[in-house]
>>> print(open('query-v7.cif').read())   # mmCIF, C-alpha atoms
data_start
loop_
_atom_site.group_PDB
_atom_site.id
_atom_site.type_symbol
_atom_site.label_atom_id
_atom_site.label_comp_id
_atom_site.auth_asym_id
_atom_site.auth_seq_id
_atom_site.Cartn_x
_atom_site.Cartn_y
_atom_site.Cartn_z
ATOM 1 C CA MET K 1 9.977 -21.747 -38.933
ATOM 2 C CA ALA K 2 8.826 -18.146 -38.812
ATOM 3 C CA ASP K 3 8.415 -16.288 -35.545
ATOM 4 C CA LYS K 4 5.414 -17.221 -33.468
ATOM 5 C CA LYS K 5 2.234 -15.203 -33.755
ATOM 6 C CA LYS K 6 1.339 -13.578 -30.448
ATOM 7 C CA ALA K 7 -2.147 -12.893 -29.069
ATOM 8 C CA LEU K 8 -3.086 -11.077 -25.855
ATOM 9 C CA PHE K 9 -6.638 -11.044 -24.484
ATOM 10 C CA ILE K 10 -7.663 -8.034 -22.371
ATOM 11 C CA CYS K 11 -10.549 -7.293 -20.032
ATOM 12 C CA LEU K 12 -10.992 -4.897 -17.148
ATOM 13 C CA GLY K 13 -9.557 -7.031 -14.321
ATOM 14 C CA ASN K 14 -8.105 -10.171 -15.983
ATOM 15 C CA ILE K 15 -10.151 -12.469 -13.748
ATOM 16 C CA CYS K 16 -13.251 -13.202 -15.879
ATOM 17 C CA ARG K 17 -13.428 -12.698 -19.630
ATOM 18 C CA SER K 18 -9.781 -12.510 -20.695
ATOM 19 C CA PRO K 19 -8.628 -15.679 -18.879
ATOM 20 C CA ILE K 20 -11.570 -17.570 -20.389
ATOM 21 C CA ALA K 21 -10.705 -16.210 -23.851
ATOM 22 C CA GLU K 22 -7.036 -17.113 -23.343
ATOM 23 C CA ALA K 23 -7.884 -20.680 -22.307
ATOM 24 C CA VAL K 24 -10.392 -21.091 -25.154
ATOM 25 C CA PHE K 25 -7.902 -19.826 -27.725
ATOM 26 C CA LEU K 26 -5.206 -22.162 -26.387
ATOM 27 C CA LYS K 27 -7.602 -25.091 -26.833
ATOM 28 C CA THR K 28 -8.628 -23.837 -30.279
ATOM 29 C CA ILE K 29 -5.050 -23.697 -31.548
ATOM 30 C CA ARG K 30 -4.193 -27.063 -29.952
ATOM 31 C CA GLU K 31 -7.157 -28.697 -31.688
ATOM 32 C CA ALA K 32 -6.147 -27.038 -34.977
ATOM 33 C CA GLY K 33 -2.617 -28.419 -34.597
ATOM 34 C CA VAL K 34 -0.989 -24.981 -34.618
ATOM 35 C CA ALA K 35 -0.288 -24.407 -30.900
ATOM 36 C CA ASP K 36 3.461 -24.416 -31.524
ATOM 37 C CA GLN K 37 2.997 -21.400 -33.806
ATOM 38 C CA TRP K 38 1.444 -19.171 -31.129
ATOM 39 C CA GLU K 39 2.235 -17.376 -27.881
ATOM 40 C CA VAL K 40 -0.932 -16.552 -25.920
ATOM 41 C CA ASP K 41 -1.582 -14.596 -22.717
ATOM 42 C CA SER K 42 -4.145 -12.341 -21.059
ATOM 43 C CA ALA K 43 -3.973 -9.160 -19.012
ATOM 44 C CA ALA K 44 -6.053 -6.440 -17.360
ATOM 45 C CA ILE K 45 -6.692 -2.799 -18.027
ATOM 46 C CA GLY K 46 -6.692 -2.113 -14.265
ATOM 47 C CA GLY K 47 -4.379 -3.420 -11.577
ATOM 48 C CA TRP K 48 -6.909 -4.311 -8.852
ATOM 49 C CA HIS K 49 -6.534 -8.087 -9.185
ATOM 50 C CA VAL K 50 -2.845 -8.396 -10.126
ATOM 51 C CA GLY K 51 -1.461 -11.666 -8.777
ATOM 52 C CA ASN K 52 -4.881 -13.244 -8.239
ATOM 53 C CA LEU K 53 -6.318 -16.337 -9.855
ATOM 54 C CA PRO K 54 -9.450 -15.820 -11.956
ATOM 55 C CA ASP K 55 -12.854 -15.455 -10.301
ATOM 56 C CA HIS K 56 -14.023 -18.810 -8.897
ATOM 57 C CA ARG K 57 -16.927 -18.852 -11.388
ATOM 58 C CA ALA K 58 -14.532 -18.369 -14.309
ATOM 59 C CA LEU K 59 -12.359 -21.202 -12.990
ATOM 60 C CA ALA K 60 -15.420 -23.436 -12.576
ATOM 61 C CA THR K 61 -16.515 -22.670 -16.128
ATOM 62 C CA MET K 62 -13.040 -23.458 -17.480
ATOM 63 C CA GLU K 63 -12.906 -26.684 -15.461
ATOM 64 C CA LYS K 64 -16.361 -27.706 -16.741
ATOM 65 C CA HIS K 65 -15.065 -27.351 -20.307
ATOM 66 C CA GLU K 66 -11.706 -29.010 -19.605
ATOM 67 C CA LEU K 67 -9.689 -25.828 -20.016
ATOM 68 C CA PRO K 68 -6.700 -26.014 -17.666
ATOM 69 C CA TYR K 69 -5.708 -22.630 -16.267
ATOM 70 C CA GLU K 70 -3.081 -21.581 -13.746
ATOM 71 C CA ASN K 71 -2.101 -18.045 -14.782
ATOM 72 C CA ARG K 72 -2.578 -15.129 -12.448
ATOM 73 C CA ALA K 73 -3.898 -11.691 -13.288
ATOM 74 C CA ARG K 74 -1.488 -9.104 -14.598
ATOM 75 C CA GLN K 75 -1.880 -5.598 -15.953
ATOM 76 C CA ILE K 76 -1.086 -4.690 -19.545
ATOM 77 C CA THR K 77 2.220 -2.890 -20.062
ATOM 78 C CA LYS K 78 3.476 -0.536 -22.757
ATOM 79 C CA ASN K 79 5.843 -3.307 -23.906
ATOM 80 C CA ASP K 80 2.855 -5.557 -24.656
ATOM 81 C CA PHE K 81 1.864 -3.255 -27.506
ATOM 82 C CA ASN K 82 5.103 -4.082 -29.316
ATOM 83 C CA HIS K 83 5.489 -7.690 -28.183
ATOM 84 C CA TYR K 84 2.073 -8.962 -29.288
ATOM 85 C CA ASP K 85 0.720 -9.043 -32.822
ATOM 86 C CA TYR K 86 -2.928 -9.029 -31.736
ATOM 87 C CA ILE K 87 -4.441 -7.471 -28.623
ATOM 88 C CA PHE K 88 -8.137 -8.215 -28.106
ATOM 89 C CA GLY K 89 -10.558 -6.111 -26.086
ATOM 90 C CA MET K 90 -13.875 -7.503 -24.881
ATOM 91 C CA ASP K 91 -16.016 -4.357 -25.039
ATOM 92 C CA GLN K 92 -15.924 -0.767 -26.264
ATOM 93 C CA GLU K 93 -14.521 0.524 -22.962
ATOM 94 C CA ASN K 94 -11.614 -1.935 -23.205
ATOM 95 C CA MET K 95 -10.977 -0.829 -26.784
ATOM 96 C CA SER K 96 -11.006 2.847 -25.796
ATOM 97 C CA ASP K 97 -8.576 2.163 -22.934
ATOM 98 C CA LEU K 98 -6.279 0.184 -25.230
ATOM 99 C CA LYS K 99 -6.200 2.952 -27.817
ATOM 100 C CA SER K 100 -5.347 5.556 -25.171
ATOM 101 C CA ARG K 101 -2.535 3.409 -23.694
ATOM 102 C CA ALA K 102 -0.917 2.255 -26.932
ATOM 103 C CA PRO K 103 2.452 3.879 -27.565
ATOM 104 C CA LYS K 104 2.638 5.765 -30.847
ATOM 105 C CA GLY K 105 3.693 3.450 -33.670
ATOM 106 C CA SER K 106 3.219 0.222 -31.698
ATOM 107 C CA LYS K 107 2.905 -2.933 -33.797
ATOM 108 C CA ALA K 108 -0.008 -4.765 -32.160
ATOM 109 C CA LYS K 109 -3.312 -4.778 -33.964
ATOM 110 C CA GLN K 110 -5.973 -3.805 -31.437
ATOM 111 C CA LEU K 111 -9.028 -5.896 -32.209
ATOM 112 C CA PHE K 112 -12.491 -6.276 -30.753
ATOM 113 C CA LEU K 113 -12.848 -10.003 -30.017
ATOM 114 C CA GLY K 114 -16.599 -9.880 -30.676
ATOM 115 C CA ASP K 115 -15.944 -8.952 -34.317
ATOM 116 C CA TYR K 116 -14.902 -12.578 -34.902
ATOM 117 C CA ASP K 117 -18.116 -14.085 -33.500
ATOM 118 C CA THR K 118 -19.307 -16.476 -36.189
ATOM 119 C CA ASP K 119 -22.966 -16.103 -35.096
ATOM 120 C CA ALA K 120 -23.254 -12.429 -34.090
ATOM 121 C CA PRO K 121 -20.239 -10.377 -35.271
ATOM 122 C CA GLY K 122 -19.632 -7.193 -33.302
ATOM 123 C CA LYS K 123 -21.344 -8.385 -30.147
ATOM 124 C CA ILE K 124 -19.630 -7.360 -26.929
ATOM 125 C CA ILE K 125 -18.441 -9.995 -24.515
ATOM 126 C CA ARG K 126 -20.327 -8.814 -21.473
ATOM 127 C CA ASP K 127 -18.572 -8.710 -18.110
ATOM 128 C CA PRO K 128 -20.202 -11.349 -15.848
ATOM 129 C CA TYR K 129 -18.298 -10.247 -12.719
ATOM 130 C CA TYR K 130 -21.295 -8.681 -10.957
ATOM 131 C CA ASP K 131 -23.710 -11.490 -11.876
ATOM 132 C CA GLN K 132 -25.142 -13.556 -9.041
ATOM 133 C CA GLY K 133 -24.499 -16.954 -10.577
ATOM 134 C CA SER K 134 -22.321 -18.450 -13.257
ATOM 135 C CA GLU K 135 -24.652 -18.178 -16.265
ATOM 136 C CA GLY K 136 -22.809 -15.102 -17.577
ATOM 137 C CA PHE K 137 -19.511 -16.975 -17.416
ATOM 138 C CA GLU K 138 -20.998 -19.782 -19.477
ATOM 139 C CA GLN K 139 -22.250 -17.237 -22.019
ATOM 140 C CA CYS K 140 -18.762 -15.709 -22.110
ATOM 141 C CA TYR K 141 -17.269 -19.155 -22.750
ATOM 142 C CA VAL K 142 -19.698 -19.891 -25.600
ATOM 143 C CA GLN K 143 -18.992 -16.527 -27.233
ATOM 144 C CA CYS K 144 -15.240 -16.976 -26.849
ATOM 145 C CA VAL K 145 -15.416 -20.376 -28.546
ATOM 146 C CA ARG K 146 -17.113 -18.831 -31.585
ATOM 147 C CA CYS K 147 -14.860 -15.754 -31.620
ATOM 148 C CA CYS K 148 -11.588 -17.643 -31.236
ATOM 149 C CA LYS K 149 -12.588 -20.080 -33.971
ATOM 150 C CA GLY K 150 -13.608 -17.210 -36.250
ATOM 151 C CA PHE K 151 -10.366 -15.321 -35.603
ATOM 152 C CA LEU K 152 -8.157 -18.361 -36.218
ATOM 153 C CA GLU K 153 -10.000 -19.113 -39.461
ATOM 154 C CA LYS K 154 -9.291 -15.562 -40.700
ATOM 155 C CA VAL K 155 -5.615 -15.850 -39.760
ATOM 156 C CA GLU K 156 -5.309 -19.229 -41.490
ATOM 157 C CA ARG K 157 -6.910 -17.790 -44.643
ATOM 158 C CA GLY K 158 -4.351 -14.974 -44.564
ATOM 159 C CA GLU K 159 -6.974 -12.286 -43.930
ATOM 160 C CA LEU K 160 -5.126 -10.930 -40.870
#
>>> encode(input="query-v7.cif", output="structure tokens")
Amino acid sequence: MADKKKALFICLGNICRSPIAEAVFLKTIREAGVADQWEVDSAAIGGWHVGNLPDHRALATMEKHELPYENRARQITKNDFNHYDYIFGMDQENMSDLKSRAPKGSKAKQLFLGDYDTDAPGKIIRDPYYDQGSEGFEQCYVQCVRCCKGFLEKVERGEL
């Protein structure tokens, strides 16, 4: 079998959007029967939350949708840009930060996750961290489901 494909999901702190996207993509590839062909992780642009579990609202949202999650926040490293095939940012600021951090000639394709939204391509995955309740986390989950499905479909069709 060929080497595994590798996907890394990035957000600002790795406690809201990127862990949800990671968990959703893991479920997506399991349901598609291709989980053994992938390595999946998530990380942060900033190091404020390194070592922490996701925000309690993100964990509650993942639990509600039966997405097991035990990883802890970590910060992206220069090595990630050559280890992963695909690195996904959640918004334009993430994408700008990724581009500025990527070592010259690194192999990872830096992609905007929202571009794979099957209902609204190009839509940002808004950061729900400062929201009062959990509605933004649910919206993030719903978007990630569409985006992860759309991305996997493109990979399976050989478009990426």
>>> resolve_selection(input="query-v7.cif", expression="the PyMOL selection byres ((chain K and resi 116) around 7)", output="ChimeraX atom specification")
/K:113-115,117-118,121,147,150-151
>>> closest_atom_pairs(input="query-v7.cif", of="stretch 11-83 of chain K", to="stretch 153-156 of chain K", cutoff="12 Å", atoms="all atoms listed in the file", output="CSV")
residue,atom,partner,partner_atom,distance
K:Phe25,CA,K:Glu153,CA,11.9
K:Thr28,CA,K:Glu153,CA,10.4
K:Ile29,CA,K:Glu153,CA,10.4
K:Ala32,CA,K:Glu153,CA,9.9
K:Gly33,CA,K:Glu156,CA,11.8
K:Val34,CA,K:Glu156,CA,9.9
K:Gln37,CA,K:Glu156,CA,11.5
K:Trp38,CA,K:Val155,CA,11.6
>>> closest_residue(input="query-v7.cif", among="K:Asn79, K:Pro19, K:Asp91, K:Tyr86", to="K:Lys104", atoms="only C-alpha atoms")
K:Asn79
>>> resolve_selection(input="query-v7.cif", expression="the PyMOL selection byres ((chain K and resi 95-102) around 8)", output="number ranges by chain")
K: 45, 78, 81, 89-94, 103-104, 106, 110-112
>>> write_last_selection(input="query-v7.cif", atoms="C-alpha atoms", output="PDB file, in the frame of the given file")
ATOM      1  CA  ILE K  45      -6.692  -2.799 -18.027  1.00  0.00           C
ATOM      2  CA  LYS K  78       3.476  -0.536 -22.757  1.00  0.00           C
ATOM      3  CA  PHE K  81       1.864  -3.255 -27.506  1.00  0.00           C
ATOM      4  CA  GLY K  89     -10.558  -6.111 -26.086  1.00  0.00           C
ATOM      5  CA  MET K  90     -13.875  -7.503 -24.881  1.00  0.00           C
ATOM      6  CA  ASP K  91     -16.016  -4.357 -25.039  1.00  0.00           C
ATOM      7  CA  GLN K  92     -15.924  -0.767 -26.264  1.00  0.00           C
ATOM      8  CA  GLU K  93     -14.521   0.524 -22.962  1.00  0.00           C
ATOM      9  CA  ASN K  94     -11.614  -1.935 -23.205  1.00  0.00           C
ATOM     10  CA  PRO K 103       2.452   3.879 -27.565  1.00  0.00           C
ATOM     11  CA  LYS K 104       2.638   5.765 -30.847  1.00  0.00           C
ATOM     12  CA  SER K 106       3.219   0.222 -31.698  1.00  0.00           C
ATOM     13  CA  GLN K 110      -5.973  -3.805 -31.437  1.00  0.00           C
ATOM     14  CA  LEU K 111      -9.028  -5.896 -32.209  1.00  0.00           C
ATOM     15  CA  PHE K 112     -12.491  -6.276 -30.753  1.00  0.00           C
TER      16      PHE K 112
END
>>> resolve_selection(input="query-v7.cif", expression="the PyMOL selection byres ((chain K and resi 72) around 6)", output="PyMOL selection string")
chain K and resi 51-53+71+73
>>> closest_residue(input="query-v7.cif", among="K:Lys109, K:Lys6, K:Arg126, K:His49", to="K:Gln139", atoms="only C-alpha atoms")
K:Arg126
>>> atom_distance(input="query-v7.cif", atom1="atom CA of K:Val142", atom2="atom CA of K:Thr77")
28.3 Å
>>> residues_around(input="query-v7.cif", residues="K:Ser42", least_positions_apart="5", cutoff="12 Å", atoms="all atoms listed in the file", output="ChimeraX atom specification")
/K:6-26,50,54,69-77,80,84,86-90
>>> axis_aligned_box(input="query-v7.cif", around="stretch 10-22 of chain K", padding_each_side="5 Å", output="lines of an AutoDock Vina configuration file")
center_x = -10.2
center_y = -11.2
center_z = -18.8
size_x = 16.4
size_y = 22.7
size_z = 20.1
>>> atom_distance(input="query-v7.cif", atom1="atom CA of K:Asn82", atom2="atom CA of K:Ala108")
5.9 Å
>>> atom_distance(input="query-v7.cif", atom1="atom CA of K:Gln132", atom2="atom CA of K:Gly47")
23.2 Å
>>> closest_residue(input="query-v7.cif", among="K:Asp55, K:Asp127, K:Asp119, K:Glu159", to="K:Gln143", atoms="only C-alpha atoms")
K:Asp119
>>> closest_residue(input="query-v7.cif", among="K:Asp36, K:Glu138, K:Ala44, K:Asp85", to="K:Glu63", atoms="only C-alpha atoms")
K:Glu138
>>> residues_near_point(input="query-v7.cif", point="(-22.5, -20.2, -20.0)", cutoff="12 Å", atoms="only C-alpha atoms", output="PyMOL selection string")
chain K and resi 17+20+57-58+60-62+64-65+125-126+128+131+133-145
